[in-house]
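Inspection log for the structure reproduced underneath, given as structure tokens.
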Protein chains: 6
Amino acid sequence: MIAKTVKKVRIGAEVDFLLEAQIGEIVQKALEEDIGSGDVTTASVIPSNAKARGRFLAKGKGIIAGWDVVKRVFAKIDPDVGIDIFVNDGREARSGEFLGNVIGMARALHTGERVALNFLQRMSGIATMTKKFVDAVGDTRARILDTRKTMPGLRVLDKRAVVIGGGHNHRNGLFDMVLIKKNHVAMIGSIREAVRLVRRQHAHRFSVEIEVKTIEEFREALSVDADRILLDNMKLDEMREAAATNGGRIPLEASGNVTLENVAEIASTGVDFISVGQLTHSVPALDISFVIDSHEE
Amino acid sequence: MIAKTVKKVRIGAEVDFLLEAQIGEIVQKALEEDIGSGDVTTASVIPSNAKARGRFLAKGKGIIAGWDVVKRVFAKIDPDVGIDIFVNDGREARSGEFLGNVIGMARALHTGERVALNFLQRMSGIATMTKKFVDAVGDTRARILDTRKTMPGLRVLDKRAVVIGGGHNHRNGLFDMVLIKKNHVAMIGSIREAVRLVRRQHAHRFSVEIEVKTIEEFREALSVDADRILLDNMKLDEMREAAATNGGRIPLEASGNVTLENVAEIASTGVDFISVGQLTHSVPALDISFVIDSHEE
Amino acid sequence: MIAKTVKKVRIGAEVDFLLEAQIGEIVQKALEEDIGSGDVTTASVIPSNAKARGRFLAKGKGIIAGWDVVKRVFAKIDPDVGIDIFVNDGREARSGEFLGNVIGMARALHTGERVALNFLQRMSGIATMTKKFVDAVGDTRARILDTRKTMPGLRVLDKRAVVIGGGHNHRNGLFDMVLIKKNHVAMIGSIREAVRLVRRQHAHRFSVEIEVKTIEEFREALSVDADRILLDNMKLDEMREAAATNGGRIPLEASGNVTLENVAEIASTGVDFISVGQLTHSVPALDISFVIDSHEE
Amino acid sequence: MIAKTVKKVRIGAEVDFLLEAQIGEIVQKALEEDIGSGDVTTASVIPSNAKARGRFLAKGKGIIAGWDVVKRVFAKIDPDVGIDIFVNDGREARSGEFLGNVIGMARALHTGERVALNFLQRMSGIATMTKKFVDAVGDTRARILDTRKTMPGLRVLDKRAVVIGGGHNHRNGLFDMVLIKKNHVAMIGSIREAVRLVRRQHAHRFSVEIEVKTIEEFREALSVDADRILLDNMKLDEMREAAATNGGRIPLEASGNVTLENVAEIASTGVDFISVGQLTHSVPALDISFVIDSHEE
Amino acid sequence: MIAKTVKKVRIGAEVDFLLEAQIGEIVQKALEEDIGSGDVTTASVIPSNAKARGRFLAKGKGIIAGWDVVKRVFAKIDPDVGIDIFVNDGREARSGEFLGNVIGMARALHTGERVALNFLQRMSGIATMTKKFVDAVGDTRARILDTRKTMPGLRVLDKRAVVIGGGHNHRNGLFDMVLIKKNHVAMIGSIREAVRLVRRQHAHRFSVEIEVKTIEEFREALSVDADRILLDNMKLDEMREAAATNGGRIPLEASGNVTLENVAEIASTGVDFISVGQLTHSVPALDISFVIDSHEE
Amino acid sequence: MIAKTVKKVRIGAEVDFLLEAQIGEIVQKALEEDIGSGDVTTASVIPSNAKARGRFLAKGKGIIAGWDVVKRVFAKIDPDVGIDIFVNDGREARSGEFLGNVIGMARALHTGERVALNFLQRMSGIATMTKKFVDAVGDTRARILDTRKTMPGLRVLDKRAVVIGGGHNHRNGLFDMVLIKKNHVAMIGSIREAVRLVRRQHAHRFSVEIEVKTIEEFREALSVDADRILLDNMKLDEMREAAATNGGRIPLEASGNVTLENVAEIASTGVDFISVGQLTHSVPALDISFVIDSHEE
């Protein structure tokens with residue numbers, strides 16, 4: 001009777017088609033590297049006409065993220081697989097809670113299990129960690145941002161998981177925003193000159209953020225035509241001074257060794273954004289397993 | 001004078017050409033998702049003829065892994081970039097130690113920095129964690145194995161990092177070894193029947209491993225024609241009993257919630273392999289930064 | 001009225017999705033090399049709204065193989081083509097027998113005819129030859145195996161045709177089984193050392209087969225930890241001696257200049273497998289033609 | 001000392017770059033299907049620094065074809081492999097003759113052996129068979145042509161082998177010449193109408209050949225604006241009558257069940273071309289082996 | 001109520017499947033270069049559930065061409081978009097006339113607008129210009145041909161637009177017809193020798209056209225075995241003399257600086273074809289805009 | 001002696017590697033659509049060892065653009081072709097002036113001629129037209145911008161040609177800047193609300209431009225947090241009023257039916273940017289031919 005409530009997989013109607021294509025390609029590659037010339041165990045042991053039910057089971061507490069990708073994994077293997085979700089993206093699962101069911105040919109479930117889990121555990125791990133940071137900053141004005149420290153090839157998924165966990169996205173890459181770092185300034189002499197070069201080349205086509213490490217650099221950055229200032233690895237009182245000096249004129253972002261322990265204090269300095277590399281470069285997977293039963297409709 | 005010792009990037013002569021192609025594709029995708037229509041900051045701010053030196057600096061202690069991929073990142077951006085490595089793959093870096101230099105056009109160094117770090121930090125993180133497990137089992141017979149719980153699309157790199165850290169690789173995927181799990185047995189009735197089906201289909205073309213969760217299942221597995229037995233989530237004394245019963249007849253592998261705290265005890269039971277999902281699904285990146293200076297030859 | 005019994009093409013539900021994709025790509029390439037910028041004859045001569053029936057006609061006797069590929073050829077050109085099969089994969093056709101009908105737009109039938117025949121004739125040729133070998137070994141224990149001497153790019157189809165003809169598949173490629181040949185042993189000194197190196201590297205992840213050419217080599221192979229022994233180009237009495245010495249301990253495979261004339265004798269020596277390169281490297285196509293008629297529904 | 005005469009592989013300077021790319025892709029696919037995730041035997045057994053010499057040895061008599069493809073196979077695996085050819089494309093090899101040497105890393109030679117042989121044996125098989133037909137027609141005016149009955153995906157190689165064997169190529173595919181067959185005429189009513197439709201659509205952009213099966217059809221074909229007439233499955237005296245009636249006005253091609261036994265007689269009827277499907281759809285591979293020795297420079 | 005008459009997009013049933021795939025790829029590339037990592041304006045501003053109607057409005061007079069491509073643009077973005085066409089391909093639109101409606105999700109309409117217009121305006125521009133030339137030659141025997149001076153990557157669309165405008169296609173590329181130009185003849189010495197070389201290599205597989213610039217060259221071309229003669233940049237009286245000398249024996253084509261002003265006179269000389277580079281290399285886009293309204297079903 | 005001054009083709013060292021790859025793909029597609037299965041004329045007529053010199057000859061006056069692409073065309077066909085440029089990108093050519101020489105194998109020159117010209121003529125046509133607009137606005141503050149009305153698939157080249165002609169680039173696509181058009185505002189009610197939605201979603205990650213058609217809308221746009229205002233199809237005195245009201249606070253862009261006749265007057269109103277669709281959607285190719293001579297070194 002479970003099958004009655006299970007609808008056939010329908011993929012990502014809410015995302016744009018190029019992003020869908022990109023995710024489809026990521027899933028395809030993941031399946032190719034795992035399945036290769038064929039799942040020899042399943043093909044030998046599981047009857048080709050057996051149906052089964054697989055249940056995703058949380059073995060830890062956390063925010064679930066990644067159902068769209070899980071659907072796509074099974075839909076690639078067999079378009080007739082149905083998925084029934086109990087704990088949607090962005091919802092918190094308790095340890096021991098069943099998250100969703102997959103109903104379909106037993107072979108498809110066995111073959112797709114590991115890849116589906118790899119995506120779901122990774123994305124849920126990110127969402128869970130993000131949520132902790134978001135909760136930690138509470139009702140301050142600070143928003144939690146991701147960084148470009150994402151897993152190579154998986155940036156769109158890492159960034160989606162951050163949003164599901166309640167965070168916001170920093171730039172997508174080097175192409176859609178200007179971020180002038182200390183290394184750039186060192187090459188060109190001054191913040192002012194760096195900004196001038198950007199504006200001469202692109203006028204105001206791109207937003208410009210400036211990374212500063214000291215109050216002196218901050219004051220220089222305040223005096224030029226920038227859209228955001230990044231306070232990198234500053235001490236708390238420096239950040240407070242910067243926020244006071246700024247007086248709300250320009251958005252401020254804090255970064256550098258942000259942890260769950262210090263993020264609330266950082267938020268209390270009055271910065272608008274806090275970017276956290278740990279969300280994506282060092283996040284533990286959420287512990288989830290997949291229990292497969294025989295299934296009779 | 002540094003440049004004198006720096007040779008032009010030479011890519012992966014020791015790996016096979018299809019693997020090289022696969023890694024090349026992974027790097028290409030990572031650069032595409034980051035650079036997109038162009039690195040607008042660098043193109044505006046950094047003079048096109050400026051040269052620079054970038055130094056990888058360890059900010060934590062760990063085993064370095066991933067130089068081949070780092071080389072490939074910069075070689076894609078500019079084939080004339082040179083790399084000089086001080087701490088080779090598999091060597092341990094101290095916090096504060098410079099790991100290697102990159103010499104080339106300043107634009108190439110700025111554009112490639114983040115992607116190179118993402119790979120190097122990930123792979124070094126895995127190697128570092130693997131080394132800890134390898135050290136923990138000491139001179140027991142147990143080898144540390146990875147699992148299929150790798151980052152989607154990055155399996156070949158994750159598995160390479162495990163080897164660099166002193167571990168060994170489990171199967172590459174579903175295609176090159178048979179692993180009969182509890183879920184499979186449940187479908188078909190008995191371990192014996194499952195093995196019979198595999199052998200009927202493929203004779204001895206594939207090695208066959210059997211997952212067991214109890215001593216009873218273990219005894220059944222011992223009685224059939226298998227090449228390895230996986231003791232999944234067994235208690236220490238069960239593993240000891242299994243090893244004693246086995247008496248060296250067939251290799252044994254332990255898995256399930258293996259941690260740095262319990263791995264030595266697991267190794268002491270006499271198993272031949274211990275597989276550790278944490279090596280690749282929940283590993284923190286090694287903290288490494290990239291310091292770019294102007295550079296005159 | 002024929003059309004009433006014809007169902008629309010449904011592709012390969014029973015094969016796994018990556019294999020399906022691979023076959024789809026093979027078919028696409030075959031159509032691209034034949035059609036290029038367009039079938040100028042058909043586009044000029046055949047009205048765009050004409051329907052037709054094409055009938056596959058056996059002009060020789062043999063085992064039919066390849067319907068899945070034929071379906072895919074026409075489905076690529078026009079998804080509305082319907083196919084009705086009279087002699088299924090694995091069934092024997094008499095000369096002059098109609099094998100199946102294709103109903104659809106006349107242009108699609110004309111454009112796809114040659115490519116469909118090229119696949120069907122090749123695969124049926126392989127199945128027919130395989131069946132002859134299988135029949136020749138009769139009820140001995142010997143199974144007929146294919147080799148890696150397949151047509152470049154078509155291995156998955158060649159191997160499928162062998163199975164349809166009653167044979168079994170040897171390894172898929174260099175990646176899923178170890179086969180230590182004379183050339184390898186020459187490099188490393190002894191069979192024992194070669195096996196030791198494999199086991200050190202991969203433990204028992206891969207099955208290991210050893211090629212021997214003499215009784216002396218066979219005895220060495222028997223004494224090491226191997227999963228199969230390949231008796232290459234041995235004389236019949238040597239094979240008999242090997243089988244007797246073996247006494248069923250380890251599966252034996254015979255290879256080298258196996259023909260329809262000598263295969264029965266080889267089987268009589270007691271070997272478990274006989275691998276036959278001729279099945280795929282030198283097999284004549286089964287003679288099949290395609291007769292297109294006008295068709296009114 | 002052998003190495004002294006061996007030059008590094010240089011690929012196909014004489015072929016056009018798109019064809020080169022197409023052959024490169026064919027070779028890549030062939031290597032991918034064979035090597036997959038890696039040649040586990042070679043990687044375990046052959047030292048990574050060992051050099052070797054491989055010698056191609058003819059085990060039957062025939063025309064050699066395919067060196068360009070062989071070079072490409074080894075160059076993909078290792079660009080430093082050198083090849084020294086003794087029996088060039090188009091030259092006849094005696095049984096027992098060494099055809100060429102490959103010098104390079106032992107691993108590259110072992111890994112590429114089978115794929116290189118598969119190409120060389122196939123192409124040499126085609127060239128050998130073509131040469132037999134060419135010799136059989138002697139100094140008549142008849143040229144031996146191939147057909148579109150080539151191995152799917154390998155048409156460019158099959159057609160190249162035919163040329164190497166002394167034959168000529170028929171059309172490349174459906175896109176570069178019009179061939180009006182009986183099936184087309186049946187759809188449209190008359191040869192004259194079919195030709196009119198082609199000329200109306202394309203004027204004289206394409207050459208037009210007409211297939212006829214009877215003298216009556218031949219006479220109709222003679223009376224229209226065609227560039228060649230295909231006498232399909234005609235008897236010898238019908239062909240003779242057609243040739244006499246034609247009197248050299250328009251080139252004639254014979255096809256249908258052409259064999260080595262009857263091709264000379266067909267040629268004697270005075271036709272200009274004889275097309276032979278057997279050259280590519282049912283040709284045995286030339287027997288060639290590859291002997292690998294250790295090699296010290 | 002408009003929606004009632006709008007059918008869901010159905011793509012190019014009348015074109016062959018490889019051409020369809022090629023057009024699909026062209027559209028995909030065009031969308032990728034425009035949308036990249038996402039349409040940030042639309043995603044921020046347009047509600048995800050808003051529906052809209054977009055109306056194509058002619059702002060100049062001309063022949064419409066390109067609906068198949070427009071359909072494909074929107075179908076890629078959202079398969080549920082419906083299109084209702086008022087002025088079909090090949091029909092003339094008045095300035096101010098609505099050409100067709102697109103109904104669907106507002107986001108899809110905003111995201112696809114520019115790319116759809118780029119195709120529709122280009123193709124309609126070509127069709128409009130072609131029609132002017134076709135009208136100018138009136139009821140002479142001359143057909144208007146395109147050239148290979150098409151937009152790189154868009155040849156199939158450019159050539160389709162010419163046909164929609166009433167013109168005919170010259171060869172598709174270098175592969176499907178022989179055109180011997182002055183540059184070729186200069187290399188080889190004479191027209192006769194050039195034709196001899198072609199016929200020796202390919203017999204009559206390809207049609208052969210010869211470019212001549214003078215009456216003397218024309219006479220030489222008339223004396224050889226050619227299928228068409230191209231009168232390049234000849235004066236009107238030379239063309240007249242050529243046509244008279246030819247007397248209908250072989251089709252003649254005029255080319256070189258053909259304009260709307262002189263094309264009628266050129267046609268009056270009696271040539272069979274006039275090829276016009278301007279149709280595709282210098283054609284203004286037809287002015288068309290896209291008006292988006294909110295839409296309630 | 002010409003060859004002495006000709007260097008081997010060196011491709012685009014100054015552009016970033018992903019852009020290079022994109023241009024390489026564009027060139028590849030252009031060659032594939034033109035050459036297909038081979039340039040049958042050249043292969044038959046031109047000796048394979050003949051060398052030649054090709055000279056690009058301007059037949060009209062204009063700004064040259066596209067050498068990098070021309071180099072790439074010939075380098076794809078034959079990497080040994082050398083190019084010597086007399087009139088560099090951005091320089092003006094007189095009618096009758098030789099622009100550059102190509103030296104290499106005669107076959108490569110014949111095969112690449114048309115594709116090279118198609119790119120060079122297109123890009124030079126754009127640069128020439130851009131230069132006319134740039135000259136027309138003289139020393140006003142107005143910069144000439146391109147639009148997204150580029151040829152599908154060729155945007156990167158179209159935009160590069162605009163820069164070579166002295167213009168500037170507007171946004172690359174929908175992904176790197178926000179442009180709120182009338183259609184968007186209509187959906188959401190007010191300019192203010194539209195901007196609020198963008199800022200809520202992306203903070204200041206993207207620059208925001210607002211399209212207005214009336215002075216009223218302009219005043220609303222001035223009052224919100226925008227980075228640029230687009231005056232669409234405004235009358236000259238409205239533009240003057242807008243510029244006066246603005247007083248330099250925010251950059252202004254004019255668009256809509258900009259022609260060479262009216263662009264100076266538009267510039268005189270004080271706007272900062274003028275965007276011109278005609279630069280890329282309706283630009284005539286610059287007339288350039290390619291003269292091939294025999295060449296002896």
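Ordering of the structure tokens sets the chain letters (A, B, ...); residue numbers start at 1 within each chain; ligands are numbered from 1 in the order shown.
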
Based on the backbone DSSP call, show me all residues of range 232-282 of chain B assigned strand (DSSP E), as a list in words.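 Of range 232-282 of chain B, only Asp232, Leu252, Glu253, Ala254, Ser255, Phe273, Ile274 and Ser275 of chain B fall in strand (DSSP E).
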
Using the selection just defined, write its residues with N, CA and C atoms as a short mmCIF file (atom, residue, chain, number, x, y, z; two decimals), in the first residue's frame.
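Dumped everything to again23.cif:
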```cif
data_model
loop_
_atom_site.label_atom_id
_atom_site.label_comp_id
_atom_site.auth_asym_id
_atom_site.auth_seq_id
_atom_site.Cartn_x
_atom_site.Cartn_y
_atom_site.Cartn_z
N ASP B 232 30.62 -6.93 9.14
CA ASP B 232 30.04 -5.59 9.18
C ASP B 232 29.46 -5.28 10.55
N LEU B 252 39.78 -11.60 5.88
CA LEU B 252 38.65 -11.00 6.57
C LEU B 252 38.77 -9.48 6.55
N GLU B 253 37.62 -8.81 6.39
CA GLU B 253 37.60 -7.35 6.38
C GLU B 253 36.60 -6.88 7.43
N ALA B 254 37.01 -5.89 8.23
CA ALA B 254 36.09 -5.31 9.21
C ALA B 254 35.59 -3.98 8.68
N SER B 255 34.32 -3.67 8.95
CA SER B 255 33.81 -2.36 8.56
C SER B 255 32.69 -1.94 9.51
N PHE B 273 41.80 -6.65 6.75
CA PHE B 273 41.48 -5.34 6.20
C PHE B 273 40.49 -4.61 7.10
N ILE B 274 40.65 -3.30 7.16
CA ILE B 274 39.64 -2.47 7.85
C ILE B 274 39.27 -1.35 6.89
N SER B 275 38.00 -1.29 6.52
CA SER B 275 37.57 -0.25 5.57
C SER B 275 36.92 0.90 6.34
#
```

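In chain D, the set of residues within 8 Å of chain F (atoms considered: only C-alpha atoms) is Glu14, Asp16, Phe17, Leu18, Leu19 and Asn172 of chain D.
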
Export of the given selection (C-alpha atoms) as a PDB file, in the first residue's frame:
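So result_31.pdb came out as:
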```pdb
ATOM      1  CA  GLU D  14      49.034  12.918 -45.215  1.00  0.00           C
ATOM      2  CA  ASP D  16      43.123  15.634 -43.634  1.00  0.00           C
ATOM      3  CA  PHE D  17      42.651  16.932 -40.140  1.00  0.00           C
ATOM      4  CA  LEU D  18      38.983  16.067 -39.706  1.00  0.00           C
ATOM      5  CA  LEU D  19      39.626  12.497 -40.789  1.00  0.00           C
ATOM      6  CA  ASN D 172      31.012   7.619 -48.540  1.00  0.00           C
TER       7      ASN D 172
END
```

Residues near range 221-227 of chain B, anyone? I mean within 9 Å using only C-alpha atoms, not counting same-chain ones fewer than 4 positions away, as a ChimeraX atom specification. /B:191-192,195-196,199,207-212,216-217,246,249-251 /C:204-205

Would you kindly return, as a ChimeraX atom specification, each protein, DNA or RNA residue with an atom no farther than 6 Å from any atom of Ile64 in chain A, considering only C-alpha atoms and excluding same-chain residues fewer than 6 positions away? /A:89-91,124

Just the selected residues (N, CA, C and O atoms), exported as a tab-separated table (two decimals), in the first residue's frame, please.
```tsv
chain	number	residue	atom	x	y	z
A	89	ASP	N	13.53	18.70	1.75
A	89	ASP	CA	14.71	19.57	1.78
A	89	ASP	C	14.47	20.71	2.76
A	89	ASP	O	13.43	21.40	2.71
A	90	GLY	N	15.43	20.93	3.66
A	90	GLY	CA	15.34	22.05	4.59
A	90	GLY	C	14.70	21.69	5.92
A	90	GLY	O	14.78	22.47	6.88
A	91	ARG	N	14.09	20.52	5.98
A	91	ARG	CA	13.48	20.06	7.24
A	91	ARG	C	14.51	19.29	8.07
A	91	ARG	O	15.40	18.65	7.53
A	124	SER	N	23.22	17.03	2.82
A	124	SER	CA	22.62	17.18	4.14
A	124	SER	C	23.67	17.59	5.17
A	124	SER	O	23.38	18.34	6.11
```

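The two atoms in question, CA of Gly100 in chain D and CA of Gly54 in chain D, are spaced 8.4 Å apart.
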
I want to know what sits within 7 Å of range 112-115 of chain A, based on only C-alpha atoms, with residues of the same chain fewer than 2 positions away left out; could you give that as number ranges by chain? A: 30-31, 73-74, 108-110, 117-119, 290

Go ahead and write the selection's residues with N, CA, C and O atoms as a CSV table (one decimal), in the first residue's frame.
```
chain,number,residue,atom,x,y,z
A,30,ALA,N,28.9,10.5,-11.8
A,30,ALA,CA,29.0,9.8,-10.6
A,30,ALA,C,28.5,8.3,-10.8
A,30,ALA,O,29.1,7.4,-10.2
A,31,LEU,N,27.5,8.2,-11.6
A,31,LEU,CA,27.1,6.8,-11.9
A,31,LEU,C,28.1,6.1,-12.7
A,31,LEU,O,28.4,4.9,-12.5
A,73,VAL,N,19.3,10.5,-9.6
A,73,VAL,CA,20.1,9.2,-9.6
A,73,VAL,C,19.2,8.0,-10.0
A,73,VAL,O,19.6,7.3,-10.9
A,74,PHE,N,18.1,7.9,-9.3
A,74,PHE,CA,17.3,6.7,-9.6
A,74,PHE,C,16.6,6.8,-11.0
A,74,PHE,O,16.4,5.8,-11.7
A,108,ALA,N,17.5,-1.7,-9.7
A,108,ALA,CA,17.7,-0.3,-9.8
A,108,ALA,C,18.1,0.3,-8.4
A,108,ALA,O,18.9,1.1,-8.2
A,109,LEU,N,17.4,-0.2,-7.4
A,109,LEU,CA,17.6,0.3,-6.0
A,109,LEU,C,19.0,-0.1,-5.6
A,109,LEU,O,19.7,0.7,-5.0
A,110,HIS,N,19.4,-1.4,-5.8
A,110,HIS,CA,20.7,-1.8,-5.4
A,110,HIS,C,21.8,-1.0,-6.1
A,110,HIS,O,22.8,-0.7,-5.5
A,117,LEU,N,23.2,7.9,-1.8
A,117,LEU,CA,23.6,8.2,-0.5
A,117,LEU,C,24.8,9.2,-0.5
A,117,LEU,O,24.8,10.1,0.4
A,118,ASN,N,25.7,9.0,-1.4
A,118,ASN,CA,26.9,9.9,-1.4
A,118,ASN,C,26.4,11.4,-1.6
A,118,ASN,O,26.9,12.3,-0.9
A,119,PHE,N,25.4,11.6,-2.5
A,119,PHE,CA,24.9,13.0,-2.7
A,119,PHE,C,24.1,13.4,-1.5
A,119,PHE,O,24.3,14.5,-1.0
A,290,PHE,N,20.4,3.2,3.9
A,290,PHE,CA,19.3,2.9,2.9
A,290,PHE,C,19.0,1.4,3.1
A,290,PHE,O,19.8,0.5,2.9
```

Hey, what's within 9 Å of Thr147 in chain F if we count only C-alpha atoms and toss same-chain stuff fewer than 5 positions away? As JSON, numbers by chain, please? {"F": [159, 169, 170, 171, 172, 275, 276, 277, 278, 279, 280]}

Using the chain letters and numbers from this document, which residues of range 122-293 of chain F does DSSP assign to helix (DSSP H, G or I), as a count of residues only? 73

Ala106 in chain B environment, 9 Å, only C-alpha atoms, sequence neighbours closer than 4 positions dropped, as a PyMOL selection string: (chain A and resi 187) or (chain B and resi 42+46-54+110-111+292-295)

From the list E:Ile144, E:Met239, E:Val271, E:Ala127, which residue is nearest Lys61 in chain E when using only C-alpha atoms? E:Ala127

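Proximity ranking of D:Asp80, D:Gln201, D:Ala244, D:Lys182 relative to Gly167 in chain E places D:Gln201 first, based on only C-alpha atoms.
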
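Straight-line separation from CA of Ala58 in chain A to CA of Gly104 in chain A: 21.0 Å.
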